[in-house]
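Enquirer: Input structure: coords-v1.cif, which contains mmCIF, C-alpha atoms.
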data_input
loop_
_atom_site.group_PDB
_atom_site.id
_atom_site.type_symbol
_atom_site.label_atom_id
_atom_site.label_comp_id
_atom_site.auth_asym_id
_atom_site.auth_seq_id
_atom_site.Cartn_x
_atom_site.Cartn_y
_atom_site.Cartn_z
ATOM 1 C CA PRO A 1 4.947 -11.942 -2.526
ATOM 2 C CA LEU A 2 6.257 -15.413 -1.757
ATOM 3 C CA SER A 3 6.409 -17.859 -4.645
ATOM 4 C CA SER A 4 4.528 -21.116 -4.237
ATOM 5 C CA SER A 5 1.958 -23.243 -6.047
ATOM 6 C CA ILE A 6 -1.525 -24.642 -5.907
ATOM 7 C CA SER A 7 -2.576 -27.760 -7.748
ATOM 8 C CA SER A 8 -5.718 -28.814 -9.573
ATOM 9 C CA THR A 9 -5.932 -31.959 -11.674
ATOM 10 C CA PRO A 10 -8.787 -32.369 -14.133
ATOM 11 C CA THR A 11 -8.473 -35.442 -16.335
ATOM 12 C CA GLY A 12 -4.948 -36.257 -15.332
ATOM 13 C CA ARG A 13 -3.273 -32.866 -15.697
ATOM 14 C CA THR A 14 -1.894 -30.421 -13.140
ATOM 15 C CA LEU A 15 -2.392 -26.684 -12.887
ATOM 16 C CA ILE A 16 0.354 -24.723 -11.122
ATOM 17 C CA THR A 17 -0.081 -21.092 -10.094
ATOM 18 C CA ALA A 18 2.714 -18.766 -9.108
ATOM 19 C CA PRO A 19 3.718 -16.328 -7.808
ATOM 20 C CA ALA A 20 0.965 -16.390 -5.227
ATOM 21 C CA MET A 21 1.061 -16.283 -1.455
ATOM 22 C CA ILE A 22 -0.836 -19.479 -0.917
ATOM 23 C CA GLY A 23 -3.357 -19.161 1.878
ATOM 24 C CA GLU A 24 -2.450 -15.506 2.135
ATOM 25 C CA ARG A 25 -2.489 -12.498 -0.205
ATOM 26 C CA VAL A 26 -1.932 -11.953 -3.908
ATOM 27 C CA ILE A 27 -1.829 -8.568 -5.616
ATOM 28 C CA GLY A 28 -2.479 -7.946 -9.317
ATOM 29 C CA ALA A 29 -2.139 -11.331 -10.945
ATOM 30 C CA LEU A 30 -0.843 -14.872 -10.738
ATOM 31 C CA ASP A 31 0.659 -17.183 -13.332
ATOM 32 C CA VAL A 32 -0.919 -20.487 -14.297
ATOM 33 C CA GLN A 33 0.406 -23.515 -16.143
ATOM 34 C CA SER A 34 -1.312 -26.597 -17.429
ATOM 35 C CA THR A 35 -0.182 -29.744 -19.201
ATOM 36 C CA GLU A 36 -3.076 -29.173 -21.630
ATOM 37 C CA ALA A 37 -4.629 -26.214 -23.364
ATOM 38 C CA GLY A 38 -7.874 -25.031 -21.792
ATOM 39 C CA THR A 39 -9.131 -22.359 -19.411
ATOM 40 C CA ALA A 40 -8.190 -21.437 -15.848
ATOM 41 C CA TYR A 41 -10.743 -19.830 -13.498
ATOM 42 C CA LEU A 42 -9.998 -17.926 -10.305
ATOM 43 C CA VAL A 43 -13.211 -18.212 -8.248
ATOM 44 C CA ASN A 44 -14.330 -16.827 -4.888
ATOM 45 C CA THR A 45 -14.920 -19.653 -2.405
ATOM 46 C CA GLY A 46 -18.370 -18.181 -1.731
ATOM 47 C CA VAL A 47 -19.466 -19.346 -5.188
ATOM 48 C CA THR A 48 -20.926 -22.866 -5.291
ATOM 49 C CA VAL A 49 -19.143 -24.486 -8.224
ATOM 50 C CA THR A 50 -20.713 -27.477 -9.957
ATOM 51 C CA ASP A 51 -19.815 -26.736 -13.571
ATOM 52 C CA VAL A 52 -18.482 -23.931 -15.749
ATOM 53 C CA ALA A 53 -21.939 -22.367 -15.989
ATOM 54 C CA SER A 54 -22.095 -21.997 -12.215
ATOM 55 C CA ILE A 55 -18.856 -20.008 -12.340
ATOM 56 C CA THR A 56 -19.794 -17.700 -15.209
ATOM 57 C CA ALA A 57 -23.248 -17.096 -13.695
ATOM 58 C CA ALA A 58 -21.670 -15.572 -10.587
ATOM 59 C CA ALA A 59 -21.167 -11.804 -10.286
ATOM 60 C CA ASN A 60 -18.282 -10.442 -12.361
ATOM 61 C CA ASN A 61 -16.306 -9.482 -9.257
ATOM 62 C CA GLN A 62 -16.362 -13.077 -7.999
ATOM 63 C CA TRP A 63 -14.316 -14.713 -10.753
ATOM 64 C CA ASN A 64 -11.763 -14.162 -13.508
ATOM 65 C CA SER A 65 -10.571 -16.502 -16.239
ATOM 66 C CA VAL A 66 -7.834 -16.853 -18.814
ATOM 67 C CA ALA A 67 -7.358 -19.114 -21.819
ATOM 68 C CA ILE A 68 -4.342 -21.389 -21.635
ATOM 69 C CA SER A 69 -3.209 -21.706 -25.218
ATOM 70 C CA THR A 70 0.180 -23.317 -24.654
ATOM 71 C CA ALA A 71 0.708 -26.296 -22.378
ATOM 72 C CA ASN A 72 3.408 -26.131 -19.698
ATOM 73 C CA SER A 73 3.885 -22.382 -20.188
ATOM 74 C CA ASP A 74 3.100 -19.535 -17.797
ATOM 75 C CA THR A 75 -0.154 -17.712 -18.511
ATOM 76 C CA ASN A 76 -1.076 -14.561 -16.598
ATOM 77 C CA LEU A 77 -4.409 -14.727 -14.735
ATOM 78 C CA ALA A 78 -5.571 -11.325 -13.487
ATOM 79 C CA ALA A 79 -6.729 -10.869 -9.900
ATOM 80 C CA THR A 80 -7.694 -7.222 -10.408
ATOM 81 C CA GLY A 81 -11.326 -6.164 -10.285
ATOM 82 C CA LEU A 82 -12.238 -8.952 -7.884
ATOM 83 C CA ALA A 83 -13.942 -8.485 -4.533
ATOM 84 C CA ASP A 84 -11.912 -9.027 -1.390
ATOM 85 C CA GLY A 85 -12.086 -12.635 -0.256
ATOM 86 C CA THR A 86 -10.618 -16.116 -0.538
ATOM 87 C CA TYR A 87 -10.235 -17.709 -3.970
ATOM 88 C CA LYS A 88 -9.475 -21.108 -5.465
ATOM 89 C CA VAL A 89 -8.511 -22.102 -8.988
ATOM 90 C CA TYR A 90 -10.381 -24.436 -11.331
ATOM 91 C CA THR A 91 -9.413 -25.478 -14.852
ATOM 92 C CA THR A 92 -11.156 -26.945 -17.849
ATOM 93 C CA ASP A 93 -9.594 -28.836 -20.729
ATOM 94 C CA ALA A 94 -10.488 -28.281 -24.385
ATOM 95 C CA ALA A 95 -13.447 -30.634 -23.988
ATOM 96 C CA GLY A 96 -14.838 -28.566 -21.103
ATOM 97 C CA ASN A 97 -14.130 -31.066 -18.322
ATOM 98 C CA LEU A 98 -13.953 -29.181 -15.023
ATOM 99 C CA SER A 99 -11.301 -29.891 -12.425
ATOM 100 C CA ALA A 100 -11.771 -30.106 -8.699
ATOM 101 C CA ALA A 101 -10.894 -26.950 -6.770
ATOM 102 C CA SER A 102 -7.240 -26.302 -6.078
ATOM 103 C CA SER A 103 -6.090 -27.541 -2.676
ATOM 104 C CA GLY A 104 -4.570 -24.166 -1.848
ATOM 105 C CA THR A 105 -6.220 -20.778 -1.661
ATOM 106 C CA ILE A 106 -5.237 -17.186 -2.255
ATOM 107 C CA THR A 107 -6.698 -14.142 -0.596
ATOM 108 C CA ILE A 108 -7.400 -10.826 -2.305
ATOM 109 C CA ASP A 109 -7.309 -7.836 0.027
ATOM 110 C CA SER A 110 -7.484 -4.375 -1.522
ATOM 111 C CA THR A 111 -9.221 -2.551 1.337
ATOM 112 C CA VAL A 112 -7.089 0.184 2.898
ATOM 113 C CA PRO A 113 -7.086 0.188 6.725
ATOM 114 C CA SER A 114 -8.405 3.399 8.213
ATOM 115 C CA ALA A 115 -8.213 5.032 11.621
ATOM 116 C CA ALA A 116 -11.704 4.750 13.075
ATOM 117 C CA SER A 117 -11.140 6.374 16.466
ATOM 118 C CA ALA A 118 -8.538 8.138 18.601
ATOM 119 C CA ALA A 119 -8.760 8.895 22.299
ATOM 120 C CA ILE A 120 -6.550 9.656 25.269
ATOM 121 C CA SER A 121 -6.822 6.334 27.057
ATOM 122 C CA SER A 122 -4.688 6.754 30.171
ATOM 123 C CA ALA A 123 -2.241 8.979 32.038
ATOM 124 C CA SER A 124 0.330 7.602 34.454
ATOM 125 C CA GLY A 125 1.331 9.716 37.446
ATOM 126 C CA ILE A 126 -1.745 11.923 37.342
ATOM 127 C CA GLN A 127 -2.623 13.481 40.717
ATOM 128 C CA SER A 128 -5.758 15.482 41.451
ATOM 129 C CA SER A 129 -6.496 15.613 37.708
ATOM 130 C CA THR A 130 -3.119 17.269 37.127
ATOM 131 C CA LEU A 131 -0.178 15.993 35.105
ATOM 132 C CA ASN A 132 3.384 16.929 35.920
ATOM 133 C CA ALA A 133 6.702 16.697 34.089
ATOM 134 C CA GLY A 134 7.619 13.040 33.624
ATOM 135 C CA ASP A 135 4.030 11.770 33.621
ATOM 136 C CA VAL A 136 3.035 9.726 30.553
ATOM 137 C CA VAL A 137 -0.082 10.228 28.439
ATOM 138 C CA SER A 138 -1.290 7.281 26.341
ATOM 139 C CA VAL A 139 -3.389 7.674 23.196
ATOM 140 C CA THR A 140 -5.152 4.689 21.612
ATOM 141 C CA VAL A 141 -5.942 4.793 17.899
ATOM 142 C CA GLY A 142 -8.469 2.218 16.681
ATOM 143 C CA PHE A 143 -8.213 0.937 13.089
ATOM 144 C CA SER A 144 -10.762 -0.747 10.860
ATOM 145 C CA GLU A 145 -8.684 -3.956 10.849
ATOM 146 C CA ASN A 146 -5.512 -5.423 12.314
ATOM 147 C CA VAL A 147 -2.377 -3.556 11.249
ATOM 148 C CA THR A 148 1.368 -4.080 11.534
ATOM 149 C CA VAL A 149 3.674 -1.216 12.443
ATOM 150 C CA SER A 150 7.270 -0.571 11.468
ATOM 151 C CA GLY A 151 9.346 2.419 12.461
ATOM 152 C CA SER A 152 7.976 5.130 14.739
ATOM 153 C CA PRO A 153 4.661 6.626 13.615
ATOM 154 C CA GLN A 154 3.413 9.547 15.695
ATOM 155 C CA ILE A 155 0.190 11.254 16.648
ATOM 156 C CA ALA A 156 0.052 14.995 17.323
ATOM 157 C CA LEU A 157 -1.318 16.319 20.609
ATOM 158 C CA ASP A 158 -2.422 19.871 21.351
ATOM 159 C CA VAL A 159 -0.922 20.805 24.709
ATOM 160 C CA GLY A 160 -1.992 24.346 25.531
ATOM 161 C CA GLY A 161 -1.745 25.419 21.891
ATOM 162 C CA THR A 162 1.620 23.727 21.378
ATOM 163 C CA THR A 163 1.890 20.633 19.197
ATOM 164 C CA ARG A 164 3.587 17.702 20.896
ATOM 165 C CA GLN A 165 4.177 14.317 19.263
ATOM 166 C CA ALA A 166 3.146 11.072 20.963
ATOM 167 C CA SER A 167 5.239 8.191 19.616
ATOM 168 C CA TYR A 168 4.093 4.675 18.752
ATOM 169 C CA ALA A 169 4.500 2.351 21.731
ATOM 170 C CA SER A 170 2.581 -0.902 21.195
ATOM 171 C CA GLY A 171 -0.234 -2.768 19.479
ATOM 172 C CA SER A 172 1.316 -3.962 16.206
ATOM 173 C CA GLY A 173 -0.667 -6.946 14.886
ATOM 174 C CA THR A 174 -3.928 -5.700 16.405
ATOM 175 C CA SER A 175 -6.489 -3.050 15.489
ATOM 176 C CA ALA A 176 -5.589 -0.793 18.452
ATOM 177 C CA LEU A 177 -2.284 1.084 18.457
ATOM 178 C CA VAL A 178 -1.018 2.883 21.555
ATOM 179 C CA PHE A 179 1.050 6.069 21.378
ATOM 180 C CA THR A 180 2.712 7.724 24.377
ATOM 181 C CA TYR A 181 3.890 11.222 25.231
ATOM 182 C CA THR A 182 5.917 12.195 28.302
ATOM 183 C CA ILE A 183 4.953 15.548 29.820
ATOM 184 C CA GLN A 184 7.800 18.045 29.607
ATOM 185 C CA THR A 185 8.772 20.823 31.970
ATOM 186 C CA GLY A 186 6.937 23.930 30.817
ATOM 187 C CA ASP A 187 3.928 22.110 29.321
ATOM 188 C CA THR A 188 0.752 23.873 30.436
ATOM 189 C CA ASP A 189 -2.854 23.376 29.382
ATOM 190 C CA ALA A 190 -5.750 24.852 31.313
ATOM 191 C CA ASP A 191 -8.501 22.932 29.532
ATOM 192 C CA GLY A 192 -6.865 19.542 28.983
ATOM 193 C CA ILE A 193 -4.722 17.862 26.354
ATOM 194 C CA ALA A 194 -6.460 17.328 23.000
ATOM 195 C CA ILE A 195 -5.701 15.253 19.917
ATOM 196 C CA ALA A 196 -4.878 17.568 17.023
ATOM 197 C CA ALA A 197 -6.726 17.476 13.693
ATOM 198 C CA ASN A 198 -5.180 15.132 11.070
ATOM 199 C CA ALA A 199 -2.954 14.019 13.882
ATOM 200 C CA LEU A 200 -1.543 10.692 12.684
ATOM 201 C CA SER A 201 1.763 10.783 10.786
ATOM 202 C CA LEU A 202 3.946 7.893 9.637
ATOM 203 C CA ASN A 203 7.239 9.674 10.452
ATOM 204 C CA SER A 204 9.040 7.475 7.853
ATOM 205 C CA GLY A 205 7.428 4.371 9.354
ATOM 206 C CA THR A 206 4.569 2.249 8.035
ATOM 207 C CA ILE A 207 1.153 1.087 9.196
ATOM 208 C CA ARG A 208 -0.125 -1.740 6.971
ATOM 209 C CA ASP A 209 -2.686 -4.493 6.957
ATOM 210 C CA ALA A 210 -1.916 -8.143 6.164
ATOM 211 C CA GLY A 211 -2.469 -7.475 2.464
ATOM 212 C CA GLY A 212 0.223 -4.805 2.379
ATOM 213 C CA ASN A 213 -2.261 -1.935 2.104
ATOM 214 C CA ASP A 214 -0.951 1.255 3.729
ATOM 215 C CA ALA A 215 -3.083 3.135 6.247
#
Turn this file's structure into structure tokens for me.
Expert:
Amino acid sequence: PLSSSISSTPTGRTLITAPAMIGERVIGALDVQSTEAGTAYLVNTGVTVTDVASITAAANNQWNSVAISTANSDTNLAATGLADGTYKVYTTDAAGNLSAASSGTITIDSTVPSAASAAISSASGIQSSTLNAGDVVSVTVGFSENVTVSGSPQIALDVGGTTRQASYASGSGTSALVFTYTIQTGDTDADGIAIAANALSLNSGTIRDAGGNDA
């Protein structure tokens, strides 16, 4: 992840967190520093924070905390076990004074994208419901969230009992990826082209969401 910082200043001190992808995703943990000893809290923005008690009263998967025992030294604050969502950081000093929320945010995203649907969506060159060599079949695979593609993932088609691979063509950055297959000489199928079971393969490529979770 990119290294950056977010700032929170209770009673004249600054909290710095890194490495975190500010406004984006963080995986595992982040480091915090403070000019005073105290406690740092990573809190879901859905929690209404008025004091420390309002943080600790929230569900366990909405916040984490860590004691800062040494000023101006990195302290690891875990992000594991937290629900997906957007988080800000608060700190308290030894007297329990609570800071304002950090100006930046981090996002926790641990949900793996999944293929929700797959269908033959179009066929170019089709005539009288018949495809010929050189015609192109398009298959659209719908995912549970937007995904980014690298390389050349494939989806297997059953063409008359023969497996043919449709290659990734477009859709990176959206939740609908399009794969295409060009009909070859000798392809025959009396009852129509079908999508094979467990058809999607990465083929040394990747399909990932914004949090880096692999499909």
Enquirer: Point out the residue among A:Ser103, A:Thr163, A:Thr185, A:Thr48 with the least atom-to-atom distance to Ala197 in chain A, counting only C-alpha atoms.
Expert: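 Among A:Ser103, A:Thr163, A:Thr185, A:Thr48, it is A:Thr163 that comes nearest to Ala197 in chain A.
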Enquirer: Please indicate the distance in Å from CA of Leu177 in chain A to CA of Val149 in chain A, rounded to one decimal place.
Expert: 8.8 Å
Enquirer: Go through A:Ser110, A:Thr91, A:Ser138, A:Ser144 one by one, measure the shortest atom-to-atom distance of each to Ile55 in chain A using all atoms listed in the file, and give the residue with the smallest value.
Expert: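 Of A:Ser110, A:Thr91, A:Ser138, A:Ser144, the one nearest Ile55 in chain A, counting all atoms listed in the file, is A:Thr91.
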Enquirer: List as JSON, numbers by chain the residues having at least one atom at most 12 Å from position (-3.2, 2.1, 3.8) as given in the file, counting all atoms listed in the file.
Expert: {"A": [109, 110, 111, 112, 113, 114, 115, 143, 144, 145, 146, 147, 148, 149, 202, 206, 207, 208, 209, 210, 211, 212, 213, 214, 215]}
Enquirer: Please measure the separation of CA of Ile108 in chain A and CA of Thr86 in chain A, giving the value in Å to one decimal.
Expert: 6.4 Å
Enquirer: To test your reading of the syntax: which residues would the PyMOL selection byres ((chain A and resi 60) around 12) return for the file shown? Reply as a list in words.
Expert: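 What the PyMOL selection byres ((chain A and resi 60) around 12) grabs from the file is Leu42, Val43, Asn44, Val47, Ile55, Thr56, Ala57, Ala58, Ala59, Asn61, Gln62, Trp63, Asn64, Ser65, Ala79, Thr80, Gly81, Leu82 and Ala83 of chain A.
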Enquirer: Between A:Asp191, A:Asp135, A:Glu36, A:Asp31, which residue has the minimum interatomic distance to Ala78 in chain A, considering all atoms listed in the file?
Expert: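 Looking only at the distances to Ala78 in chain A, the closest residue turns out to be A:Asp31.
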